[in-house]
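Since the structure comes first, as structure tokens, the remarks are kept for the end.
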Amino acid sequence: MTTASVEEDLAIEPLEIAGRSLASRLILGSGKYTDNATMVRSFEAAGAEMVTVALRRVNLADPDNDAFIHHIDRDKYLLLPNTAGCYTADEAVRTARLARELGGWTWVKLEVIGDRKTLFPDNTELLEATKVLVAEGFVVLPYTNDDPVVCKKLEDLGAAAVMPLGAPIGSGMGIRNPANLQIIIEQANVPVIIDAGVGTASDAAVAMELGADGVLMNTAIACAEDPVRMARAMKLSVEAGWLAAQSGRIPRKLYASASSPMSGLIE
């Protein structure tokens, strides 16, 4: 097998969402960076193609301000507006409609928060907002908790992907409930993107090894001591986790199994 064919065989398959193909399975947020230059360098180091933007951090009616959004190359990155900071379905729907009116965005990372301390989703409001926005033609990617029932309901309502949390937003606790995530992944007919809670590269690898289609993160990179290096680490870990998931790991055993055959030994 030639080097070229090996590279082709090991290539990461693109992430397909609502007819859009993304070479990178790592999606980044744009908040919490110390400066815009670090943000841009981190995006480049991560190889990301989709970037989320908190609509409530941007004055869309004033295109001349120096908001962080103007430092993101829209020809290079697909911007995914999110409804962070919304606490009701009505708020989230209004925010998405405003983004479509002022920015032409029809994709939305839908967030409806139910608790200010934990930032856990309000799934009742989330389901209602998903229903309304899908009916209006939005491509909806809802952020939710790791509840297989809710994730299935979101898919049935027409969500283009489901985005269950790995742990609370910004906690860095990693994947806390792999069993639920596995169930969500096994039953889903749309992409499953693990969103929130990742702290370091191994967390991202675990998420992908479970069979996730992608990982979305912000704090783990933006608040690292060296965001650019962490971004590259996350890129490599997502790719490694995806390759491992496609490779079929060996079964776990209680006792040792020799790497070298025990038969045919020279006496």
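By order of appearance in the structure tokens: chains A, B, ..., then residues from 1 within every chain, and ligands from 1 in the order shown.
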Can you list every residue of region 109-170 of chain A that has an atom at most 9 Å from region 176-181 of chain A, with its nearest atom pair and the distance in Å to one decimal, using only C-alpha atoms, ordered by chain then number, as a tab-separated table?
```
residue	atom	partner	partner_atom	distance
A:Asp146	CA	A:Asn180	CA	6.1
A:Asp147	CA	A:Asn180	CA	6.7
A:Pro148	CA	A:Asn180	CA	6.6
A:Pro164	CA	A:Leu181	CA	7.7
A:Leu165	CA	A:Leu181	CA	8.9
A:Gly166	CA	A:Arg176	CA	6.1
A:Ala167	CA	A:Arg176	CA	6.0
```
**Report entry** Selection: 10 Å around Ala48 (chain A), only C-alpha atoms, excl. self and same-chain fewer than 2 positions, as a VMD selection string
**Finding:** chain A and resid 22 to 28 42 to 46 50 to 51 76 to 78 231 235
For those residues, write C-alpha atoms to a file as a PDB file, in the first residue's frame.
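Everything below was put into again_32.pdb:
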```pdb
ATOM      1  CA  LEU A  22     -17.421  20.077   7.425  1.00  0.00           C
ATOM      2  CA  ALA A  23     -13.938  18.600   7.280  1.00  0.00           C
ATOM      3  CA  SER A  24     -13.394  19.388  10.967  1.00  0.00           C
ATOM      4  CA  ARG A  25     -15.420  17.663  13.668  1.00  0.00           C
ATOM      5  CA  LEU A  26     -14.345  20.267  16.228  1.00  0.00           C
ATOM      6  CA  ILE A  27     -16.616  23.292  16.677  1.00  0.00           C
ATOM      7  CA  LEU A  28     -15.436  26.263  18.724  1.00  0.00           C
ATOM      8  CA  SER A  42      -6.813  29.445  18.275  1.00  0.00           C
ATOM      9  CA  PHE A  43      -9.378  28.917  15.523  1.00  0.00           C
ATOM     10  CA  GLU A  44      -6.536  28.361  13.064  1.00  0.00           C
ATOM     11  CA  ALA A  45      -4.667  25.968  15.370  1.00  0.00           C
ATOM     12  CA  ALA A  46      -7.840  23.943  15.915  1.00  0.00           C
ATOM     13  CA  MET A  50     -17.712  26.270  12.392  1.00  0.00           C
ATOM     14  CA  VAL A  51     -17.667  28.906  15.136  1.00  0.00           C
ATOM     15  CA  LYS A  76     -13.313  30.862   6.195  1.00  0.00           C
ATOM     16  CA  TYR A  77     -15.675  30.010   9.047  1.00  0.00           C
ATOM     17  CA  LEU A  78     -19.352  29.106   9.123  1.00  0.00           C
ATOM     18  CA  ALA A 231      -6.593  24.365  20.442  1.00  0.00           C
ATOM     19  CA  LYS A 235      -7.816  19.135  17.128  1.00  0.00           C
TER      20      LYS A 235
END
```
**Report entry** From A:Val198, A:Ile185, A:Ala224, A:Val190, residue lying nearest Ala212 (chain A) [only C-alpha atoms]
**Finding:** A:Ile185
Report task. For Thr95 (chain A), please output as a PyMOL selection string all residues within 9 Å (counting only C-alpha atoms; exclusion window: fewer than 6 positions along the same chain). Result -> chain A and resi 55-56+82-83+86
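Here CA of Asp195 (chain A) is placed at a distance of 9.8 Å from CA of Ala207 (chain A).
Closest approach to Gly172 (chain A) from the set A:Gly214, A:Gly241, A:Gly31, A:Gly197 is made by A:Gly197, with distances taken over only C-alpha atoms.
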